Amino acid sequence: MKGLYIHIPFCQSICTYCDFAKEIATPKKQANYIDALIQEFHGYKEEHKALTTIYIGGGTPSALKNDDLDRLLATIYDHISMQTIEEYTVECNPNDVTVEKAKLLKKYGVNRISLGVQTFNDHHLKFINRDHREADIYQALTILREVGFDNISLDMMFGLVGQTLDELNDDLQKVIRLNPNHISYYSLILEEATPLFYLVNKGQVTMIDDDLEGSMYETVMDTLIEAKYAQYEISNFAKKDYASKHNTIYWKNDDYVGIGASSHGKLNNKRYANIRSVKRYIESVASRGMPENTSYPYEPLRDYLLMGLRLLEGVSLDAIKERFDVDLLEHYPKLNPMLEQGFLTIEQNHLKFTRRGLLLGNDVFVLF
Ligand SMILES: C[S@@+](CC[C@H](N)C(=O)[O-])C[C@H]1O[C@@H](n2cnc3c(N)ncnc32)[C@H](O)[C@@H]1O
Ligand code: SF4
């Protein structure tokens, strides 16, 4: 199984918390970027045959003009056998969704939309500098469903500055009422070099405290599970058979090609990261045919654990023994106190997080 990730580093407006590679660019720069992307895409001809998932993310792919999007989607459609593609996702922001754009996505075989909602609360949407409001979310979903998209994921966030548990519950009820097949619910992370980081450092706003963040995460998990969504990853919930196939490639440490500025890929036991700057990405593809990229150390067992433990099913100790020829608990003795304190557990020979461990979150990953 192999995935293809394509990064579109353009947005209509920049959110205060976001550290992803993205910018507001001129139409000319966007067109040049799509030219470069298409060129890089053709550099992976061998991999095209084995693909099972495609994910166009960003930034905001739906922010592209329809003719640029058309050129990109048509190229993919002409060179990849759509029969073997099980899941083809495009990230959209509510305000970009028009009937024309939705039909364009449908025409080229896209079968899953990830809609960036974040919150339904207009006050919070304004503070984080999203360009949509609650009403736009409903309108976008109506269009997407009318055009025939029945596999829709919503991206949500909790722990927004000043957010209360009541406001979170209100968001959760609205999400459930919309009945998406899949929900990603992320805790707001304060990333360096973002406008939010600057505001927090200046003391102008305060992030919510750890206890409230923990309560919010528990509320998200309890409410979505009660609404019959299965939590299959730290931040991801799905109805039966709707877990993200593409993201599961990452979590299972399978191979994927990443194209576009800042994209990462993993092929044949090597990892690489493309240059982050859009300008340098375009220039390097123009001059060398492929973008500047950096190979970085691949530590098979560590990567396997860091990704695999994100899945609630955990990692199979038998599979680790077979694949890496190590006894995991001997190899990482630091895991034992985590097991004794109830952050991790072993069930049916799978090492996995307990509810307490999930609440500890990323702190567990420093062990590896
Ligand atoms: C980078 S965005 C791309 C998709 C689209 N532009 C959007 O904003 O929905 C993907 C997701 O990452 C999440 N995200 C971005 N920055 C984050 C942060 N600092 N903390 C938590 N989640 C974040 C948001 O939920 C967002 O939907
Ligand atoms: S969160 Fe999405 S819309 Fe906001 S700046 Fe980041 S990529 Fe753009």
# chains A, B, ... in the order shown; residues from 1 in each chain; ligands from 1
call {"tool": "residues_around", "arguments": {"residues": "segment 319-326 of chain A", "least_positions_apart": "3", "cutoff": "7 Å", "atoms": "only C-alpha atoms", "output": "count of residues only"}}
result
3
call {"tool": "residues_near_ligand", "arguments": {"ligand": "ligand 2", "cutoff": "7 Å", "atoms": "only C-alpha atoms and all ligand atoms", "output": "PyMOL selection string"}}
result
chain A and resi 10-11+13-15+18-20+22+58-60+93+130
call {"tool": "write_last_selection", "arguments": {"atoms": "all heavy atoms", "output": "CSV table (one decimal), in the first residue's frame"}}
result
chain,number,residue,atom,x,y,z
A,10,PHE,N,-1.1,27.4,0.0
A,10,PHE,CA,-1.7,28.7,-0.1
A,10,PHE,C,-3.0,28.7,0.7
A,10,PHE,O,-3.7,27.7,0.8
A,10,PHE,CB,-2.1,29.0,-1.6
A,10,PHE,CG,-0.9,28.8,-2.5
A,10,PHE,CD1,-0.9,27.9,-3.5
A,10,PHE,CD2,0.2,29.6,-2.3
A,10,PHE,CE1,0.2,27.7,-4.3
A,10,PHE,CE2,1.3,29.5,-3.1
A,10,PHE,CZ,1.4,28.5,-4.1
A,11,CYS,N,-3.3,29.9,1.3
A,11,CYS,CA,-4.5,30.1,2.1
A,11,CYS,C,-5.1,31.5,1.7
A,11,CYS,O,-4.4,32.4,1.3
A,11,CYS,CB,-4.2,30.0,3.6
A,11,CYS,SG,-3.6,28.4,4.1
A,13,SER,N,-6.6,33.3,4.1
A,13,SER,CA,-6.2,34.1,5.3
A,13,SER,C,-5.4,33.2,6.2
A,13,SER,O,-5.4,32.0,6.1
A,13,SER,CB,-7.5,34.6,6.0
A,13,SER,OG,-8.2,33.5,6.5
A,14,ILE,N,-4.6,33.8,7.0
A,14,ILE,CA,-3.7,33.0,7.8
A,14,ILE,C,-4.2,33.0,9.3
A,14,ILE,O,-4.4,34.0,9.9
A,14,ILE,CB,-2.2,33.7,7.8
A,14,ILE,CG1,-1.7,33.8,6.3
A,14,ILE,CG2,-1.3,32.9,8.7
A,14,ILE,CD1,-1.5,32.5,5.6
A,15,CYS,N,-4.3,31.7,9.8
A,15,CYS,CA,-4.8,31.6,11.1
A,15,CYS,C,-3.7,31.8,12.2
A,15,CYS,O,-2.6,31.6,11.9
A,15,CYS,CB,-5.3,30.1,11.3
A,15,CYS,SG,-6.5,29.7,10.0
A,18,CYS,N,-1.2,28.8,13.2
A,18,CYS,CA,-0.8,27.8,12.3
A,18,CYS,C,0.7,27.9,11.9
A,18,CYS,O,1.2,29.0,11.5
A,18,CYS,CB,-1.6,27.9,11.0
A,18,CYS,SG,-1.2,26.7,9.8
A,19,ASP,N,1.4,26.8,11.9
A,19,ASP,CA,2.8,26.7,11.7
A,19,ASP,C,3.1,25.9,10.4
A,19,ASP,O,4.2,25.6,10.1
A,19,ASP,CB,3.5,26.0,12.9
A,19,ASP,CG,5.0,26.0,12.7
A,19,ASP,OD1,5.5,26.9,12.1
A,19,ASP,OD2,5.6,25.0,13.1
A,20,PHE,N,2.0,25.6,9.6
A,20,PHE,CA,2.2,24.8,8.4
A,20,PHE,C,2.8,25.7,7.3
A,20,PHE,O,2.7,26.9,7.4
A,20,PHE,CB,0.9,24.2,7.9
A,20,PHE,CG,0.5,23.0,8.7
A,20,PHE,CD1,0.0,23.1,10.0
A,20,PHE,CD2,0.5,21.7,8.2
A,20,PHE,CE1,-0.4,22.0,10.8
A,20,PHE,CE2,0.1,20.6,8.9
A,20,PHE,CZ,-0.3,20.8,10.2
A,22,LYS,N,2.6,27.7,4.4
A,22,LYS,CA,1.4,28.3,3.8
A,22,LYS,C,1.7,29.8,3.6
A,22,LYS,O,2.5,30.4,4.4
A,22,LYS,CB,0.1,28.1,4.5
A,22,LYS,CG,0.1,28.2,6.0
A,22,LYS,CD,0.2,29.6,6.5
A,22,LYS,CE,0.4,29.8,8.0
A,22,LYS,NZ,1.7,29.6,8.6
A,58,GLY,N,-2.9,20.9,2.9
A,58,GLY,CA,-2.2,22.2,2.9
A,58,GLY,C,-1.9,22.7,4.2
A,58,GLY,O,-1.8,22.0,5.2
A,59,GLY,N,-1.8,24.0,4.2
A,59,GLY,CA,-2.4,25.0,3.4
A,59,GLY,C,-3.8,24.7,3.0
A,59,GLY,O,-4.5,23.9,3.7
A,60,THR,N,-4.3,25.2,2.0
A,60,THR,CA,-5.7,25.0,1.6
A,60,THR,C,-5.9,24.8,0.1
A,60,THR,O,-5.9,25.7,-0.7
A,60,THR,CB,-6.5,26.3,2.0
A,60,THR,OG1,-6.2,26.7,3.3
A,60,THR,CG2,-8.0,26.0,1.9
A,93,ASN,N,-11.7,24.5,2.7
A,93,ASN,CA,-12.2,25.4,3.8
A,93,ASN,C,-13.6,25.8,3.3
A,93,ASN,O,-13.8,26.0,2.1
A,93,ASN,CB,-11.2,26.6,3.9
A,93,ASN,CG,-10.0,26.2,4.8
A,93,ASN,OD1,-9.9,25.1,5.2
A,93,ASN,ND2,-9.2,27.2,5.2
A,130,ARG,N,-10.0,32.8,11.1
A,130,ARG,CA,-10.6,32.0,10.0
A,130,ARG,C,-11.4,33.0,9.2
A,130,ARG,O,-12.0,33.9,9.7
A,130,ARG,CB,-11.5,30.9,10.5
A,130,ARG,CG,-10.8,29.9,11.4
A,130,ARG,CD,-9.8,29.1,10.7
A,130,ARG,NE,-10.4,28.1,9.8
A,130,ARG,CZ,-9.7,27.1,9.2
A,130,ARG,NH1,-8.5,26.9,9.5
A,130,ARG,NH2,-10.3,26.3,8.4
call {"tool": "residues_around", "arguments": {"residues": "Asp35 of chain A", "least_positions_apart": "3", "cutoff": "9 Å", "atoms": "only C-alpha atoms", "output": "ChimeraX atom specification"}}
result
/A:30-32,38-40,68,71-72,282
call {"tool": "closest_atom_pairs", "arguments": {"of": "chain A", "to": "ligand 1", "cutoff": "8 Å", "atoms": "only C-alpha atoms and all ligand atoms", "output": "tab-separated table"}}
result
residue	atom	partner	partner_atom_place_in_ligand_line	distance
A:Cys11	CA	ligand 1	6 (N)	6.7
A:Cys15	CA	ligand 1	8 (O)	7.7
A:Tyr17	CA	ligand 1	19 (N)	4.6
A:Cys18	CA	ligand 1	16 (N)	4.1
A:Asp19	CA	ligand 1	16 (N)	6.0
A:Phe20	CA	ligand 1	1 (C)	5.5
A:Gly57	CA	ligand 1	3 (C)	6.0
A:Gly58	CA	ligand 1	3 (C)	4.6
A:Gly59	CA	ligand 1	6 (N)	4.6
A:Thr60	CA	ligand 1	6 (N)	4.1
A:Pro61	CA	ligand 1	6 (N)	7.5
A:Glu91	CA	ligand 1	4 (C)	5.6
A:Cys92	CA	ligand 1	5 (C)	6.3
A:Asn93	CA	ligand 1	9 (O)	5.8
A:Ser114	CA	ligand 1	9 (O)	7.7
A:Leu115	CA	ligand 1	9 (O)	6.2
A:Gly116	CA	ligand 1	9 (O)	3.1
A:Val117	CA	ligand 1	9 (O)	6.3
A:Gln118	CA	ligand 1	25 (O)	5.7
A:Asp155	CA	ligand 1	27 (O)	4.7
A:Met156	CA	ligand 1	25 (O)	5.3
A:Met157	CA	ligand 1	25 (O)	5.4
A:Ser184	CA	ligand 1	25 (O)	7.4
A:Tyr185	CA	ligand 1	25 (O)	7.0
A:Tyr186	CA	ligand 1	22 (N)	5.1
A:Ser187	CA	ligand 1	21 (C)	5.2
A:Leu188	CA	ligand 1	20 (N)	3.7
A:Ile189	CA	ligand 1	20 (N)	3.8
A:Leu190	CA	ligand 1	19 (N)	5.5
A:Glu191	CA	ligand 1	19 (N)	5.6
call {"tool": "write_last_selection", "arguments": {"atoms": "N, CA and C atoms", "output": "mmCIF file, in the first residue's frame"}}
result
data_model
loop_
_atom_site.group_PDB
_atom_site.id
_atom_site.type_symbol
_atom_site.label_atom_id
_atom_site.label_comp_id
_atom_site.auth_asym_id
_atom_site.auth_seq_id
_atom_site.Cartn_x
_atom_site.Cartn_y
_atom_site.Cartn_z
ATOM 1 N N CYS A 11 -3.269 29.906 1.289
ATOM 2 C CA CYS A 11 -4.506 30.098 2.061
ATOM 3 C C CYS A 11 -5.081 31.469 1.730
ATOM 4 N N CYS A 15 -4.335 31.749 9.770
ATOM 5 C CA CYS A 15 -4.847 31.552 11.134
ATOM 6 C C CYS A 15 -3.743 31.846 12.159
ATOM 7 N N TYR A 17 -2.734 30.476 14.805
ATOM 8 C CA TYR A 17 -2.021 29.385 15.476
ATOM 9 C C TYR A 17 -1.181 28.535 14.532
ATOM 10 N N CYS A 18 -1.249 28.789 13.229
ATOM 11 C CA CYS A 18 -0.793 27.794 12.251
ATOM 12 C C CYS A 18 0.682 27.908 11.888
ATOM 13 N N ASP A 19 1.353 26.762 11.947
ATOM 14 C CA ASP A 19 2.781 26.694 11.653
ATOM 15 C C ASP A 19 3.058 25.900 10.368
ATOM 16 N N PHE A 20 2.017 25.554 9.648
ATOM 17 C CA PHE A 20 2.235 24.775 8.419
ATOM 18 C C PHE A 20 2.815 25.680 7.327
ATOM 19 N N GLY A 57 -3.473 18.140 0.591
ATOM 20 C CA GLY A 57 -3.669 18.909 1.821
ATOM 21 C C GLY A 57 -2.907 20.223 1.768
ATOM 22 N N GLY A 58 -2.893 20.904 2.917
ATOM 23 C CA GLY A 58 -2.222 22.195 2.856
ATOM 24 C C GLY A 58 -1.897 22.736 4.235
ATOM 25 N N GLY A 59 -1.774 24.022 4.225
ATOM 26 C CA GLY A 59 -2.384 25.021 3.367
ATOM 27 C C GLY A 59 -3.834 24.664 3.041
ATOM 28 N N THR A 60 -4.303 25.231 1.975
ATOM 29 C CA THR A 60 -5.711 25.047 1.633
ATOM 30 C C THR A 60 -5.856 24.758 0.139
ATOM 31 N N PRO A 61 -5.955 23.481 -0.240
ATOM 32 C CA PRO A 61 -6.087 23.150 -1.666
ATOM 33 C C PRO A 61 -7.285 23.842 -2.322
ATOM 34 N N GLU A 91 -8.512 18.567 1.048
ATOM 35 C CA GLU A 91 -8.888 19.455 2.149
ATOM 36 C C GLU A 91 -9.539 20.719 1.583
ATOM 37 N N CYS A 92 -10.649 21.092 2.179
ATOM 38 C CA CYS A 92 -11.356 22.302 1.739
ATOM 39 C C CYS A 92 -11.668 23.180 2.934
ATOM 40 N N ASN A 93 -11.658 24.466 2.732
ATOM 41 C CA ASN A 93 -12.154 25.380 3.754
ATOM 42 C C ASN A 93 -13.554 25.836 3.342
ATOM 43 N N SER A 114 -12.096 16.648 3.393
ATOM 44 C CA SER A 114 -11.797 17.010 4.778
ATOM 45 C C SER A 114 -12.077 18.504 4.909
ATOM 46 N N LEU A 115 -13.119 18.839 5.638
ATOM 47 C CA LEU A 115 -13.552 20.230 5.733
ATOM 48 C C LEU A 115 -13.010 20.865 7.017
ATOM 49 N N GLY A 116 -12.310 21.981 6.872
ATOM 50 C CA GLY A 116 -11.693 22.660 8.019
ATOM 51 C C GLY A 116 -12.695 23.549 8.731
ATOM 52 N N VAL A 117 -13.324 23.002 9.753
ATOM 53 C CA VAL A 117 -14.354 23.743 10.493
ATOM 54 C C VAL A 117 -13.719 24.435 11.710
ATOM 55 N N GLN A 118 -13.005 23.692 12.501
ATOM 56 C CA GLN A 118 -12.308 24.117 13.744
ATOM 57 C C GLN A 118 -13.278 24.408 14.883
ATOM 58 N N ASP A 155 -12.543 18.729 10.404
ATOM 59 C CA ASP A 155 -11.390 19.059 11.250
ATOM 60 C C ASP A 155 -11.853 20.028 12.322
ATOM 61 N N MET A 156 -11.636 19.655 13.583
ATOM 62 C CA MET A 156 -12.074 20.502 14.698
ATOM 63 C C MET A 156 -10.898 20.760 15.640
ATOM 64 N N MET A 157 -11.036 21.799 16.460
ATOM 65 C CA MET A 157 -10.023 22.060 17.480
ATOM 66 C C MET A 157 -10.688 22.340 18.822
ATOM 67 N N SER A 184 -11.665 14.713 12.923
ATOM 68 C CA SER A 184 -10.341 14.910 13.546
ATOM 69 C C SER A 184 -10.529 16.024 14.568
ATOM 70 N N TYR A 185 -10.171 15.755 15.810
ATOM 71 C CA TYR A 185 -10.379 16.765 16.862
ATOM 72 C C TYR A 185 -9.043 17.039 17.539
ATOM 73 N N TYR A 186 -8.404 18.157 17.170
ATOM 74 C CA TYR A 186 -7.057 18.443 17.667
ATOM 75 C C TYR A 186 -7.088 19.406 18.836
ATOM 76 N N SER A 187 -6.172 19.171 19.768
ATOM 77 C CA SER A 187 -5.974 20.132 20.848
ATOM 78 C C SER A 187 -5.072 21.251 20.317
ATOM 79 N N LEU A 188 -5.442 22.481 20.558
ATOM 80 C CA LEU A 188 -4.638 23.602 20.046
ATOM 81 C C LEU A 188 -3.221 23.550 20.618
ATOM 82 N N ILE A 189 -2.247 23.534 19.727
ATOM 83 C CA ILE A 189 -0.844 23.528 20.154
ATOM 84 C C ILE A 189 -0.273 24.923 19.898
ATOM 85 N N LEU A 190 0.443 25.427 20.890
ATOM 86 C CA LEU A 190 1.061 26.750 20.712
ATOM 87 C C LEU A 190 2.376 26.570 19.967
ATOM 88 N N GLU A 191 2.378 26.933 18.702
ATOM 89 C CA GLU A 191 3.579 26.758 17.877
ATOM 90 C C GLU A 191 4.391 28.051 17.865
#
call {"tool": "select_by_dssp", "arguments": {"residues": "segment 133-250 of chain A", "states": "alpha helix (DSSP H)", "output": "count of residues only"}}
result
58
call {"tool": "closest_residue", "arguments": {"among": "A:Pro291, A:Ile152, A:Gly159, A:Tyr44", "to": "Asp210 of chain A", "atoms": "only C-alpha atoms"}}
result
A:Gly159
call {"tool": "select_by_dssp", "arguments": {"residues": "segment 135-312 of chain A", "states": "strand (DSSP E or B)", "output": "ChimeraX atom specification"}}
result
/A:152-158,182-187,230-233,236-238,255-259,264-267,270-274,293-296,311
call {"tool": "write_last_selection", "arguments": {"atoms": "N, CA and C atoms", "output": "tab-separated table (two decimals), in the first residue's frame"}}
result
chain	number	residue	atom	x	y	z
A	152	ILE	N	-17.32	12.53	4.27
A	152	ILE	CA	-16.83	13.85	4.70
A	152	ILE	C	-16.25	13.76	6.10
A	153	SER	N	-15.08	14.37	6.25
A	153	SER	CA	-14.43	14.45	7.56
A	153	SER	C	-14.43	15.92	7.99
A	154	LEU	N	-14.65	16.16	9.26
A	154	LEU	CA	-14.56	17.54	9.77
A	154	LEU	C	-13.31	17.67	10.63
A	155	ASP	N	-12.54	18.73	10.40
A	155	ASP	CA	-11.39	19.06	11.25
A	155	ASP	C	-11.85	20.03	12.32
A	156	MET	N	-11.64	19.65	13.58
A	156	MET	CA	-12.07	20.50	14.70
A	156	MET	C	-10.90	20.76	15.64
A	157	MET	N	-11.04	21.80	16.46
A	157	MET	CA	-10.02	22.06	17.48
A	157	MET	C	-10.69	22.34	18.82
A	158	PHE	N	-10.00	21.93	19.90
A	158	PHE	CA	-10.45	22.35	21.23
A	158	PHE	C	-9.27	22.99	21.96
A	182	HIS	N	-16.32	11.02	9.61
A	182	HIS	CA	-15.01	11.05	10.25
A	182	HIS	C	-14.79	12.41	10.90
A	183	ILE	N	-14.14	12.42	12.04
A	183	ILE	CA	-13.86	13.69	12.74
A	183	ILE	C	-12.42	13.67	13.25
A	184	SER	N	-11.66	14.71	12.92
A	184	SER	CA	-10.34	14.91	13.55
A	184	SER	C	-10.53	16.02	14.57
A	185	TYR	N	-10.17	15.75	15.81
A	185	TYR	CA	-10.38	16.77	16.86
A	185	TYR	C	-9.04	17.04	17.54
A	186	TYR	N	-8.40	18.16	17.17
A	186	TYR	CA	-7.06	18.44	17.67
A	186	TYR	C	-7.09	19.41	18.84
A	187	SER	N	-6.17	19.17	19.77
A	187	SER	CA	-5.97	20.13	20.85
A	187	SER	C	-5.07	21.25	20.32
A	230	ALA	N	-15.96	5.60	16.62
A	230	ALA	CA	-14.88	4.86	17.25
A	230	ALA	C	-13.64	5.74	17.25
A	231	GLN	N	-13.00	5.85	18.41
A	231	GLN	CA	-11.73	6.58	18.45
A	231	GLN	C	-10.66	5.58	18.02
A	232	TYR	N	-10.02	5.85	16.88
A	232	TYR	CA	-9.03	4.87	16.41
A	232	TYR	C	-7.62	5.43	16.48
A	233	GLU	N	-7.51	6.73	16.77
A	233	GLU	CA	-6.20	7.37	16.89
A	233	GLU	C	-6.34	8.49	17.92
A	236	ASN	N	-8.39	11.14	16.28
A	236	ASN	CA	-9.28	10.81	15.15
A	236	ASN	C	-10.36	9.81	15.51
A	237	PHE	N	-11.55	10.08	14.99
A	237	PHE	CA	-12.76	9.34	15.32
A	237	PHE	C	-13.48	9.03	14.01
A	238	ALA	N	-14.03	7.83	13.92
A	238	ALA	CA	-14.68	7.49	12.65
A	238	ALA	C	-15.84	6.54	12.87
A	255	ASP	N	4.85	2.96	3.12
A	255	ASP	CA	5.50	3.94	2.24
A	255	ASP	C	4.52	4.98	1.68
A	256	TYR	N	5.03	6.18	1.49
A	256	TYR	CA	4.23	7.22	0.83
A	256	TYR	C	5.17	8.21	0.15
A	257	VAL	N	4.63	8.80	-0.92
A	257	VAL	CA	5.37	9.83	-1.65
A	257	VAL	C	4.78	11.17	-1.20
A	258	GLY	N	5.64	12.14	-0.94
A	258	GLY	CA	5.13	13.48	-0.61
A	258	GLY	C	5.65	14.44	-1.67
A	259	ILE	N	4.76	15.19	-2.29
A	259	ILE	CA	5.25	16.17	-3.26
A	259	ILE	C	4.75	17.56	-2.88
A	264	HIS	N	6.78	15.65	3.16
A	264	HIS	CA	7.67	14.57	3.57
A	264	HIS	C	7.28	13.31	2.82
A	265	GLY	N	8.25	12.43	2.65
A	265	GLY	CA	7.93	11.14	2.05
A	265	GLY	C	8.74	10.05	2.71
A	266	LYS	N	8.28	8.83	2.53
A	266	LYS	CA	9.03	7.67	3.03
A	266	LYS	C	8.97	6.60	1.96
A	267	LEU	N	10.14	6.28	1.43
A	267	LEU	CA	10.21	5.31	0.34
A	267	LEU	C	11.39	4.39	0.55
A	270	LYS	N	13.76	4.98	3.38
A	270	LYS	CA	14.41	6.29	3.47
A	270	LYS	C	13.33	7.35	3.64
A	271	ARG	N	13.67	8.37	4.43
A	271	ARG	CA	12.73	9.48	4.59
A	271	ARG	C	13.33	10.73	3.97
A	272	TYR	N	12.46	11.59	3.43
A	272	TYR	CA	12.96	12.86	2.89
A	272	TYR	C	11.96	13.97	3.20
A	273	ALA	N	12.46	15.20	3.17
A	273	ALA	CA	11.59	16.36	3.36
A	273	ALA	C	11.93	17.37	2.28
A	274	ASN	N	10.93	17.80	1.54
A	274	ASN	CA	11.15	18.81	0.51
A	274	ASN	C	11.37	20.18	1.14
A	293	ASN	N	15.67	18.70	-1.58
A	293	ASN	CA	15.11	18.02	-0.41
A	293	ASN	C	16.23	17.47	0.46
A	294	THR	N	15.86	17.10	1.66
A	294	THR	CA	16.84	16.59	2.60
A	294	THR	C	16.42	15.19	3.00
A	295	SER	N	17.38	14.27	2.95
A	295	SER	CA	17.09	12.94	3.49
A	295	SER	C	17.35	13.04	4.98
A	296	TYR	N	16.55	12.39	5.75
A	296	TYR	CA	16.86	12.45	7.17
A	296	TYR	C	16.83	11.07	7.79
A	311	LEU	N	-2.12	4.98	17.23
A	311	LEU	CA	-3.35	4.21	16.98
A	311	LEU	C	-3.82	3.58	18.29
call {"tool": "residues_around", "arguments": {"residues": "segment 48-50 of chain A", "least_positions_apart": "6", "cutoff": "12 Å", "atoms": "only C-alpha atoms", "output": "PyMOL selection string"}}
result
chain A and resi 1-5+41-42+75-86+255-257+267
call {"tool": "closest_residue", "arguments": {"among": "A:Gly43, A:Pro180, A:Pro195, A:Gly314", "to": "Lys239 of chain A", "atoms": "only C-alpha atoms"}}
result
A:Pro180
call {"tool": "atom_distance", "arguments": {"atom1": "atom CA of Arg310 of chain A", "atom2": "atom CA of Thr223 of chain A"}}
result
19.9 Å
call {"tool": "closest_residue", "arguments": {"among": "A:Leu196, A:Gln204, A:Asn151, A:Phe120", "to": "Lys174 of chain A", "atoms": "only C-alpha atoms"}}
result
A:Phe120
call {"tool": "atom_distance", "arguments": {"atom1": "atom CA of Thr53 of chain A", "atom2": "atom CA of Tyr88 of chain A"}}
result
5.7 Å
call {"tool": "closest_residue", "arguments": {"among": "A:Lys107, A:Ser263, A:Leu160, A:Phe365", "to": "Ile208 of chain A", "atoms": "only C-alpha atoms"}}
result
A:Leu160
call {"tool": "atom_distance", "arguments": {"atom1": "atom CA of Phe353 of chain A", "atom2": "atom CA of Tyr332 of chain A"}}
result
15.7 Å
call {"tool": "residues_around", "arguments": {"residues": "segment 162-169 of chain A", "least_positions_apart": "2", "cutoff": "9 Å", "atoms": "only C-alpha atoms", "output": "list in words"}}
result
Thr119, Asn121, His124, Phe158, Gly159, Leu160, Asp171, Leu172, Gln173, Lys174, Val205, Thr206, Met207, Ile208, Leu212, Ser215, Met216, Thr219, Val220 and Thr223 of chain A
call {"tool": "write_last_selection", "arguments": {"atoms": "N, CA and C atoms", "output": "PDB file, in the first residue's frame"}}
result
ATOM      1  N   THR A 119     -14.217  25.308  14.701  1.00  0.00           N
ATOM      2  CA  THR A 119     -15.251  25.581  15.719  1.00  0.00           C
ATOM      3  C   THR A 119     -16.439  26.216  14.997  1.00  0.00           C
ATOM      4  N   ASN A 121     -18.193  28.461  16.656  1.00  0.00           N
ATOM      5  CA  ASN A 121     -18.404  29.672  17.455  1.00  0.00           C
ATOM      6  C   ASN A 121     -17.800  30.885  16.721  1.00  0.00           C
ATOM      7  N   HIS A 124     -14.868  32.754  18.390  1.00  0.00           N
ATOM      8  CA  HIS A 124     -13.571  32.067  18.321  1.00  0.00           C
ATOM      9  C   HIS A 124     -13.046  32.033  16.880  1.00  0.00           C
ATOM     10  N   PHE A 158     -10.003  21.934  19.899  1.00  0.00           N
ATOM     11  CA  PHE A 158     -10.451  22.349  21.232  1.00  0.00           C
ATOM     12  C   PHE A 158      -9.272  22.992  21.965  1.00  0.00           C
ATOM     13  N   GLY A 159      -9.602  23.653  23.081  1.00  0.00           N
ATOM     14  CA  GLY A 159      -8.539  24.331  23.834  1.00  0.00           C
ATOM     15  C   GLY A 159      -8.214  25.694  23.239  1.00  0.00           C
ATOM     16  N   LEU A 160      -9.189  26.266  22.528  1.00  0.00           N
ATOM     17  CA  LEU A 160      -8.971  27.602  21.972  1.00  0.00           C
ATOM     18  C   LEU A 160      -8.892  28.612  23.120  1.00  0.00           C
ATOM     19  N   ASP A 171     -20.105  22.945  20.358  1.00  0.00           N
ATOM     20  CA  ASP A 171     -19.452  22.515  19.104  1.00  0.00           C
ATOM     21  C   ASP A 171     -19.693  21.027  18.858  1.00  0.00           C
ATOM     22  N   LEU A 172     -19.530  20.234  19.914  1.00  0.00           N
ATOM     23  CA  LEU A 172     -19.669  18.770  19.751  1.00  0.00           C
ATOM     24  C   LEU A 172     -21.078  18.404  19.308  1.00  0.00           C
ATOM     25  N   GLN A 173     -22.078  19.071  19.902  1.00  0.00           N
ATOM     26  CA  GLN A 173     -23.467  18.758  19.494  1.00  0.00           C
ATOM     27  C   GLN A 173     -23.691  19.126  18.035  1.00  0.00           C
ATOM     28  N   LYS A 174     -23.096  20.228  17.618  1.00  0.00           N
ATOM     29  CA  LYS A 174     -23.266  20.654  16.219  1.00  0.00           C
ATOM     30  C   LYS A 174     -22.561  19.691  15.261  1.00  0.00           C
ATOM     31  N   VAL A 205      -2.685  37.343  25.769  1.00  0.00           N
ATOM     32  CA  VAL A 205      -3.691  36.289  25.919  1.00  0.00           C
ATOM     33  C   VAL A 205      -3.046  35.117  26.664  1.00  0.00           C
ATOM     34  N   THR A 206      -3.890  34.261  27.234  1.00  0.00           N
ATOM     35  CA  THR A 206      -3.385  33.114  27.995  1.00  0.00           C
ATOM     36  C   THR A 206      -3.983  31.849  27.409  1.00  0.00           C
ATOM     37  N   MET A 207      -3.145  30.853  27.276  1.00  0.00           N
ATOM     38  CA  MET A 207      -3.651  29.545  26.827  1.00  0.00           C
ATOM     39  C   MET A 207      -4.454  28.929  27.975  1.00  0.00           C
ATOM     40  N   ILE A 208      -5.384  28.056  27.664  1.00  0.00           N
ATOM     41  CA  ILE A 208      -6.151  27.416  28.734  1.00  0.00           C
ATOM     42  C   ILE A 208      -5.220  26.517  29.553  1.00  0.00           C
ATOM     43  N   LEU A 212      -8.005  22.039  32.378  1.00  0.00           N
ATOM     44  CA  LEU A 212      -9.159  22.263  31.500  1.00  0.00           C
ATOM     45  C   LEU A 212      -8.930  21.558  30.159  1.00  0.00           C
ATOM     46  N   SER A 215      -9.768  17.990  30.655  1.00  0.00           N
ATOM     47  CA  SER A 215     -11.230  17.791  30.736  1.00  0.00           C
ATOM     48  C   SER A 215     -11.852  17.897  29.349  1.00  0.00           C
ATOM     49  N   MET A 216     -11.324  18.822  28.561  1.00  0.00           N
ATOM     50  CA  MET A 216     -11.889  18.994  27.210  1.00  0.00           C
ATOM     51  C   MET A 216     -11.633  17.754  26.350  1.00  0.00           C
ATOM     52  N   THR A 219     -13.947  15.135  27.368  1.00  0.00           N
ATOM     53  CA  THR A 219     -15.302  15.447  26.886  1.00  0.00           C
ATOM     54  C   THR A 219     -15.431  15.086  25.410  1.00  0.00           C
ATOM     55  N   VAL A 220     -14.394  15.426  24.629  1.00  0.00           N
ATOM     56  CA  VAL A 220     -14.418  15.104  23.197  1.00  0.00           C
ATOM     57  C   VAL A 220     -14.528  13.588  23.031  1.00  0.00           C
ATOM     58  N   THR A 223     -17.971  12.153  24.388  1.00  0.00           N
ATOM     59  CA  THR A 223     -19.151  12.558  23.607  1.00  0.00           C
ATOM     60  C   THR A 223     -19.170  11.876  22.245  1.00  0.00           C
TER      61      THR A 223
END
call {"tool": "closest_residue", "arguments": {"among": "A:Thr16, A:Asp67, A:Asn349, A:Arg288", "to": "Ala193 of chain A", "atoms": "only C-alpha atoms"}}
result
A:Thr16
